[in-house]
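Working notes, structure below.
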Amino acid sequence: MDQFAVKVFVKLRPSVLDPAGEATKSASIKLGAEGIKSLRIGKIIEVKIEGNGENEVRAKIDLLCDRLFANTVIEDYEYSLEKL
Amino acid sequence: MDNFTVGVVVFPGSNCDRDVAWALEGCLDIRTKYLWHESSDLSDVDAIVLPGGFSYGDYLRCGAIARFSPLINALDEFVKSGKRVLGICNGFQILTESGFLPGALVANKNLNFICDDVELDIVSSKGGWFNNGDEKHTIKLPIAHGEGRYHCDSDTLKKLVDNELIALRYKNNPNGSSFDIAGITNEKGNVLGLMPHPERACDETIGGTDGLFTLKSLILK
(Lines give C-alpha, C1' and ligand atoms only; values in the text may rest on other atoms or scores of the structure.)
Protein backbone atom coordinates (compact mmCIF):
# COMPACT_ATOMS: atom_id res chain seq x y z
CA MET A 1 0.00 0.00 0.00
CA ASP A 2 1.24 3.48 -0.82
CA GLN A 3 0.40 6.50 1.24
CA PHE A 4 -0.34 9.87 -0.32
CA ALA A 5 -0.78 13.40 0.99
CA VAL A 6 -3.52 15.15 -0.94
CA LYS A 7 -4.35 18.84 -0.84
CA VAL A 8 -7.78 19.67 -2.18
CA PHE A 9 -8.56 23.29 -3.08
CA VAL A 10 -12.26 24.18 -3.18
CA LYS A 11 -13.32 27.59 -4.44
CA LEU A 12 -16.53 29.28 -5.42
CA ARG A 13 -17.15 29.30 -9.14
CA PRO A 14 -16.33 32.63 -10.78
CA SER A 15 -20.04 33.25 -11.44
CA VAL A 16 -20.92 32.99 -7.73
CA LEU A 17 -20.64 36.16 -5.67
CA ASP A 18 -18.23 35.76 -2.73
CA PRO A 19 -19.38 38.25 -0.08
CA ALA A 20 -16.72 37.10 2.43
CA GLY A 21 -14.06 37.72 -0.21
CA GLU A 22 -15.52 41.17 -0.95
CA ALA A 23 -15.54 42.07 2.77
CA THR A 24 -11.93 40.92 3.15
CA LYS A 25 -10.93 42.88 0.04
CA SER A 26 -12.50 45.97 1.54
CA ALA A 27 -10.60 45.44 4.84
CA SER A 28 -7.36 44.86 2.91
CA ILE A 29 -7.75 48.22 1.23
CA LYS A 30 -8.45 49.86 4.61
CA LEU A 31 -5.21 48.30 5.88
CA GLY A 32 -3.42 50.23 3.17
CA ALA A 33 -2.70 47.45 0.67
CA GLU A 34 -2.80 48.88 -2.82
CA GLY A 35 -3.49 47.28 -6.14
CA ILE A 36 -5.86 44.48 -5.08
CA LYS A 37 -7.99 43.73 -8.10
CA SER A 38 -9.85 40.73 -6.76
CA LEU A 39 -9.95 38.62 -3.60
CA ARG A 40 -11.85 35.38 -3.24
CA ILE A 41 -11.86 32.92 -0.37
CA GLY A 42 -11.77 29.15 -0.72
CA LYS A 43 -11.01 26.11 1.40
CA ILE A 44 -8.12 23.68 1.61
CA ILE A 45 -8.81 20.10 2.66
CA GLU A 46 -5.75 18.01 3.53
CA VAL A 47 -6.14 14.26 3.32
CA LYS A 48 -3.74 11.44 4.01
CA ILE A 49 -4.89 8.36 2.18
CA GLU A 50 -3.64 4.84 1.40
CA GLY A 51 -4.15 2.97 -1.83
CA ASN A 52 -2.63 0.70 -4.44
CA GLY A 53 -0.94 3.29 -6.57
CA GLU A 54 -1.72 6.80 -7.70
CA ASN A 55 -4.54 5.91 -10.09
CA GLU A 56 -6.57 4.17 -7.39
CA VAL A 57 -6.07 7.07 -5.00
CA ARG A 58 -7.00 9.62 -7.66
CA ALA A 59 -10.25 7.74 -8.29
CA LYS A 60 -11.10 7.89 -4.58
CA ILE A 61 -10.25 11.59 -4.32
CA ASP A 62 -12.27 12.38 -7.46
CA LEU A 63 -15.30 10.72 -5.88
CA LEU A 64 -14.82 12.57 -2.59
CA CYS A 65 -14.40 15.92 -4.31
CA ASP A 66 -17.36 15.46 -6.60
CA ARG A 67 -19.79 14.08 -4.01
CA LEU A 68 -18.72 15.63 -0.71
CA PHE A 69 -15.86 18.14 -0.56
CA ALA A 70 -17.34 20.45 -3.21
CA ASN A 71 -20.85 21.24 -4.32
CA THR A 72 -20.27 21.51 -8.05
CA VAL A 73 -23.36 23.68 -8.46
CA ILE A 74 -21.45 26.52 -6.81
CA GLU A 75 -17.86 25.35 -6.41
CA ASP A 76 -14.86 24.18 -8.46
CA TYR A 77 -12.10 22.00 -7.08
CA GLU A 78 -8.56 20.95 -7.91
CA TYR A 79 -6.05 18.92 -5.96
CA SER A 80 -2.36 18.10 -5.70
CA LEU A 81 -1.08 14.71 -4.69
CA GLU A 82 2.24 13.73 -3.17
CA LYS A 83 3.47 10.21 -2.49
CA LEU A 84 4.79 9.86 1.06
CA MET B 1 -57.06 10.75 7.53
CA ASP B 2 -57.22 10.58 11.35
CA ASN B 3 -54.11 8.42 11.37
CA PHE B 4 -52.19 10.66 9.01
CA THR B 5 -48.75 11.13 10.53
CA VAL B 6 -46.10 13.66 9.62
CA GLY B 7 -42.51 12.62 10.30
CA VAL B 8 -40.35 15.46 11.66
CA VAL B 9 -36.70 14.64 11.07
CA VAL B 10 -34.22 15.34 13.84
CA PHE B 11 -30.54 15.76 12.95
CA PRO B 12 -27.85 16.61 15.47
CA GLY B 13 -28.13 20.40 15.38
CA SER B 14 -31.78 20.68 14.26
CA ASN B 15 -33.49 23.40 16.29
CA CYS B 16 -36.88 23.94 14.68
CA ASP B 17 -38.09 20.34 14.99
CA ARG B 18 -40.16 21.06 18.11
CA ASP B 19 -41.60 24.24 16.60
CA VAL B 20 -42.77 22.25 13.58
CA ALA B 21 -44.31 19.55 15.79
CA TRP B 22 -45.97 22.24 17.95
CA ALA B 23 -47.49 23.92 14.89
CA LEU B 24 -48.72 20.64 13.40
CA GLU B 25 -50.05 19.12 16.62
CA GLY B 26 -51.15 22.22 18.51
CA CYS B 27 -52.46 24.41 15.73
CA LEU B 28 -53.64 21.87 13.18
CA ASP B 29 -54.30 18.69 15.15
CA ILE B 30 -52.07 16.68 12.82
CA ARG B 31 -50.22 13.77 14.39
CA THR B 32 -46.42 13.93 14.28
CA LYS B 33 -43.57 11.55 14.90
CA TYR B 34 -39.94 12.52 15.42
CA LEU B 35 -37.59 10.62 13.12
CA TRP B 36 -33.96 10.37 14.21
CA HIS B 37 -31.65 10.89 11.23
CA GLU B 38 -30.18 7.40 11.59
CA SER B 39 -33.55 5.77 10.98
CA SER B 40 -34.30 4.62 7.48
CA ASP B 41 -37.75 3.19 8.21
CA LEU B 42 -40.30 5.63 6.81
CA SER B 43 -43.12 3.09 6.61
CA ASP B 44 -45.35 4.64 9.29
CA VAL B 45 -45.23 8.27 8.19
CA ASP B 46 -47.29 9.81 5.40
CA ALA B 47 -45.33 13.03 4.88
CA ILE B 48 -41.99 14.37 6.07
CA VAL B 49 -40.69 17.73 7.27
CA LEU B 50 -36.96 18.51 7.27
CA PRO B 51 -36.87 21.31 9.83
CA GLY B 52 -34.57 24.29 10.23
CA GLY B 53 -31.43 24.43 12.30
CA PHE B 54 -27.77 23.69 11.83
CA SER B 55 -27.57 19.98 11.03
CA TYR B 56 -24.10 18.64 11.81
CA GLY B 57 -23.06 22.16 12.79
CA ASP B 58 -23.30 23.27 9.14
CA TYR B 59 -19.80 21.80 8.77
CA LEU B 60 -18.30 21.83 5.26
CA ARG B 61 -21.47 23.41 3.77
CA CYS B 62 -25.02 23.74 5.12
CA GLY B 63 -26.76 20.42 4.59
CA ALA B 64 -23.70 18.73 3.10
CA ILE B 65 -23.19 16.14 5.85
CA ALA B 66 -26.89 15.53 6.51
CA ARG B 67 -27.19 14.37 2.94
CA PHE B 68 -25.37 11.16 3.84
CA SER B 69 -27.64 10.17 6.72
CA PRO B 70 -29.58 6.90 6.41
CA LEU B 71 -32.84 8.85 6.52
CA ILE B 72 -31.96 11.01 3.51
CA ASN B 73 -30.88 7.87 1.65
CA ALA B 74 -34.33 6.42 2.26
CA LEU B 75 -36.01 9.62 1.11
CA ASP B 76 -35.57 8.92 -2.59
CA GLU B 77 -38.12 6.12 -2.62
CA PHE B 78 -40.48 8.14 -0.40
CA VAL B 79 -40.39 11.07 -2.84
CA LYS B 80 -40.81 8.79 -5.87
CA SER B 81 -43.94 7.32 -4.28
CA GLY B 82 -45.46 10.81 -4.45
CA LYS B 83 -45.54 11.45 -0.70
CA ARG B 84 -44.93 15.02 0.37
CA VAL B 85 -41.66 16.41 1.71
CA LEU B 86 -41.27 19.92 3.08
CA GLY B 87 -37.78 21.32 3.69
CA ILE B 88 -37.66 24.50 5.76
CA CYS B 89 -34.48 26.62 5.89
CA ASN B 90 -31.76 24.07 6.75
CA GLY B 91 -34.20 21.48 5.37
CA PHE B 92 -34.19 23.36 2.04
CA GLN B 93 -30.38 23.40 2.11
CA ILE B 94 -30.38 19.62 2.66
CA LEU B 95 -32.80 19.10 -0.25
CA THR B 96 -30.53 21.02 -2.64
CA GLU B 97 -27.35 19.36 -1.39
CA SER B 98 -28.92 15.94 -1.87
CA GLY B 99 -30.22 16.75 -5.34
CA PHE B 100 -33.97 16.58 -4.64
CA LEU B 101 -34.17 20.23 -5.67
CA PRO B 102 -31.86 22.11 -8.07
CA GLY B 103 -29.50 24.96 -7.20
CA ALA B 104 -27.72 25.75 -3.94
CA LEU B 105 -27.94 28.11 -0.96
CA VAL B 106 -24.93 30.28 -0.20
CA ALA B 107 -23.96 33.09 2.18
CA ASN B 108 -26.27 36.12 2.21
CA LYS B 109 -25.02 38.92 -0.01
CA ASN B 110 -24.46 41.31 2.92
CA LEU B 111 -22.99 38.54 5.15
CA ASN B 112 -25.53 39.32 7.90
CA PHE B 113 -27.60 36.70 9.62
CA ILE B 114 -31.06 38.03 8.81
CA CYS B 115 -33.91 37.57 11.27
CA ASP B 116 -36.99 39.36 10.00
CA ASP B 117 -40.51 39.08 8.64
CA VAL B 118 -40.65 39.20 4.85
CA GLU B 119 -43.39 39.70 2.27
CA LEU B 120 -43.54 36.92 -0.29
CA ASP B 121 -45.33 36.57 -3.61
CA ILE B 122 -46.93 33.22 -4.26
CA VAL B 123 -45.74 32.48 -7.79
CA SER B 124 -46.86 28.94 -8.53
CA SER B 125 -49.68 26.79 -7.24
CA LYS B 126 -47.78 23.60 -8.12
CA GLY B 127 -48.32 21.04 -5.39
CA GLY B 128 -50.99 23.19 -3.75
CA TRP B 129 -48.62 24.34 -1.01
CA PHE B 130 -49.81 27.94 -1.03
CA ASN B 131 -52.89 28.14 -3.19
CA ASN B 132 -55.45 28.86 -0.52
CA GLY B 133 -58.31 29.55 -2.86
CA ASP B 134 -58.75 33.24 -2.10
CA GLU B 135 -57.33 36.28 -3.81
CA LYS B 136 -54.40 36.65 -1.45
CA HIS B 137 -51.23 36.25 -3.51
CA THR B 138 -48.86 37.71 -0.95
CA ILE B 139 -48.01 36.24 2.44
CA LYS B 140 -45.77 37.30 5.30
CA LEU B 141 -43.42 34.78 6.92
CA PRO B 142 -40.37 35.01 9.19
CA ILE B 143 -36.89 34.29 7.89
CA ALA B 144 -33.81 33.52 10.01
CA HIS B 145 -30.71 32.57 8.04
CA GLY B 146 -27.11 33.45 7.26
CA GLU B 147 -26.86 31.28 4.17
CA GLY B 148 -30.11 31.68 2.32
CA ARG B 149 -29.05 33.20 -0.97
CA TYR B 150 -30.48 30.91 -3.62
CA HIS B 151 -28.10 30.39 -6.51
CA CYS B 152 -28.46 28.50 -9.77
CA ASP B 153 -27.09 28.82 -13.31
CA SER B 154 -29.11 30.45 -16.08
CA ASP B 155 -30.20 27.13 -17.64
CA THR B 156 -31.57 25.93 -14.30
CA LEU B 157 -33.33 29.23 -13.74
CA LYS B 158 -34.97 28.96 -17.16
CA LYS B 159 -36.19 25.44 -16.30
CA LEU B 160 -37.56 26.67 -12.98
CA VAL B 161 -39.46 29.46 -14.70
CA ASP B 162 -40.67 27.42 -17.68
CA ASN B 163 -41.92 24.55 -15.52
CA GLU B 164 -43.49 26.80 -12.87
CA LEU B 165 -41.24 25.42 -10.13
CA ILE B 166 -40.70 28.73 -8.36
CA ALA B 167 -43.11 28.68 -5.45
CA LEU B 168 -42.24 31.89 -3.59
CA ARG B 169 -40.37 35.09 -4.42
CA TYR B 170 -39.28 37.82 -2.01
CA LYS B 171 -40.98 41.16 -2.59
CA ASN B 172 -37.86 42.93 -1.28
CA ASN B 173 -34.98 40.52 -1.79
CA PRO B 174 -33.18 40.44 1.60
CA ASN B 175 -30.23 38.16 0.79
CA GLY B 176 -29.34 38.49 -2.90
CA SER B 177 -31.11 35.33 -4.08
CA SER B 178 -31.21 34.78 -7.85
CA PHE B 179 -34.52 35.99 -9.27
CA ASP B 180 -35.70 36.80 -5.68
CA ILE B 181 -36.30 33.08 -5.11
CA ALA B 182 -37.43 32.10 -1.60
CA GLY B 183 -38.84 28.64 -2.33
CA ILE B 184 -39.06 26.06 -5.11
CA THR B 185 -40.74 22.72 -5.78
CA ASN B 186 -39.69 19.65 -7.74
CA GLU B 187 -41.43 18.93 -11.06
CA LYS B 188 -44.02 16.67 -9.50
CA GLY B 189 -44.81 19.29 -6.86
CA ASN B 190 -44.58 16.91 -3.89
CA VAL B 191 -41.27 18.35 -2.64
CA LEU B 192 -41.11 21.96 -1.46
CA GLY B 193 -38.03 23.72 -0.12
CA LEU B 194 -38.19 27.25 1.26
CA MET B 195 -36.05 29.52 3.41
CA PRO B 196 -38.93 31.21 5.31
CA HIS B 197 -40.37 29.46 8.37
CA PRO B 198 -44.09 28.68 8.04
CA GLU B 199 -44.09 26.97 11.46
CA ARG B 200 -43.29 30.33 13.08
CA ALA B 201 -46.39 31.90 11.58
CA CYS B 202 -49.17 29.64 12.85
CA ASP B 203 -50.71 31.70 15.63
CA GLU B 204 -52.00 35.27 15.62
CA THR B 205 -50.46 36.01 19.01
CA ILE B 206 -46.92 35.35 17.77
CA GLY B 207 -47.08 37.30 14.57
CA GLY B 208 -49.51 35.81 12.07
CA THR B 209 -51.03 32.72 10.57
CA ASP B 210 -49.75 32.81 6.99
CA GLY B 211 -47.75 29.63 7.56
CA LEU B 212 -50.73 27.49 8.50
CA PHE B 213 -51.82 26.68 4.97
CA THR B 214 -48.42 25.32 3.94
CA LEU B 215 -48.22 22.98 6.93
CA LYS B 216 -51.84 21.94 6.48
CA SER B 217 -51.16 21.06 2.85
CA LEU B 218 -48.83 18.27 4.03
CA ILE B 219 -51.94 16.11 4.28
CA LEU B 220 -52.89 16.66 0.62
CA LYS B 221 -52.62 13.63 -1.62
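In the C-alpha coordinates, each chain is lettered A, B, ... as it comes, each chain's residues begin at 1, and ligands are numbered from 1 in order of appearance.
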
Could you work out which residues of chain B fall inside 12 Å of chain A? Count only C-alpha atoms, and format the result as a ChimeraX atom specification.
/B:59-68,93-94,96-99,101-112,146-147,149-156,175-178

As a ChimeraX atom specification, list the residues of chain A assigned to helix (DSSP H, G or I) by DSSP on the backbone atoms of this structure.
/A:19-31,53-69

Coordinates-based distance that separates atom CA of A:Arg13 from atom CA of B:Gly57 (Å, one decimal):
23.8 Å

So that I can check the surroundings of B:Trp36, please list as a PyMOL selection string every protein, DNA and RNA residue that reaches within 12 Å of it, counting only C-alpha atoms and ignoring chain neighbours fewer than 6 positions away.
chain B and resi 7-14+17+42+50+55+66+69-72

List the neighbours of B:Leu165 out to 7 Å using only C-alpha atoms; skip same-chain residues closer than 5 positions along the sequence, and give me the result as a VMD selection string.
chain B and resid 124 160 184 to 187

DSSP on the backbone: what in chain A comes out strand (DSSP E), as number ranges by chain?
A: 2-12, 42-51, 75-83

Nearest candidate to B:Leu120 (options B:Asp41, B:Asp210, B:Asp58, B:Asp76; using only C-alpha atoms):
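Result for the nearest residue to B:Leu120: B:Asp210.
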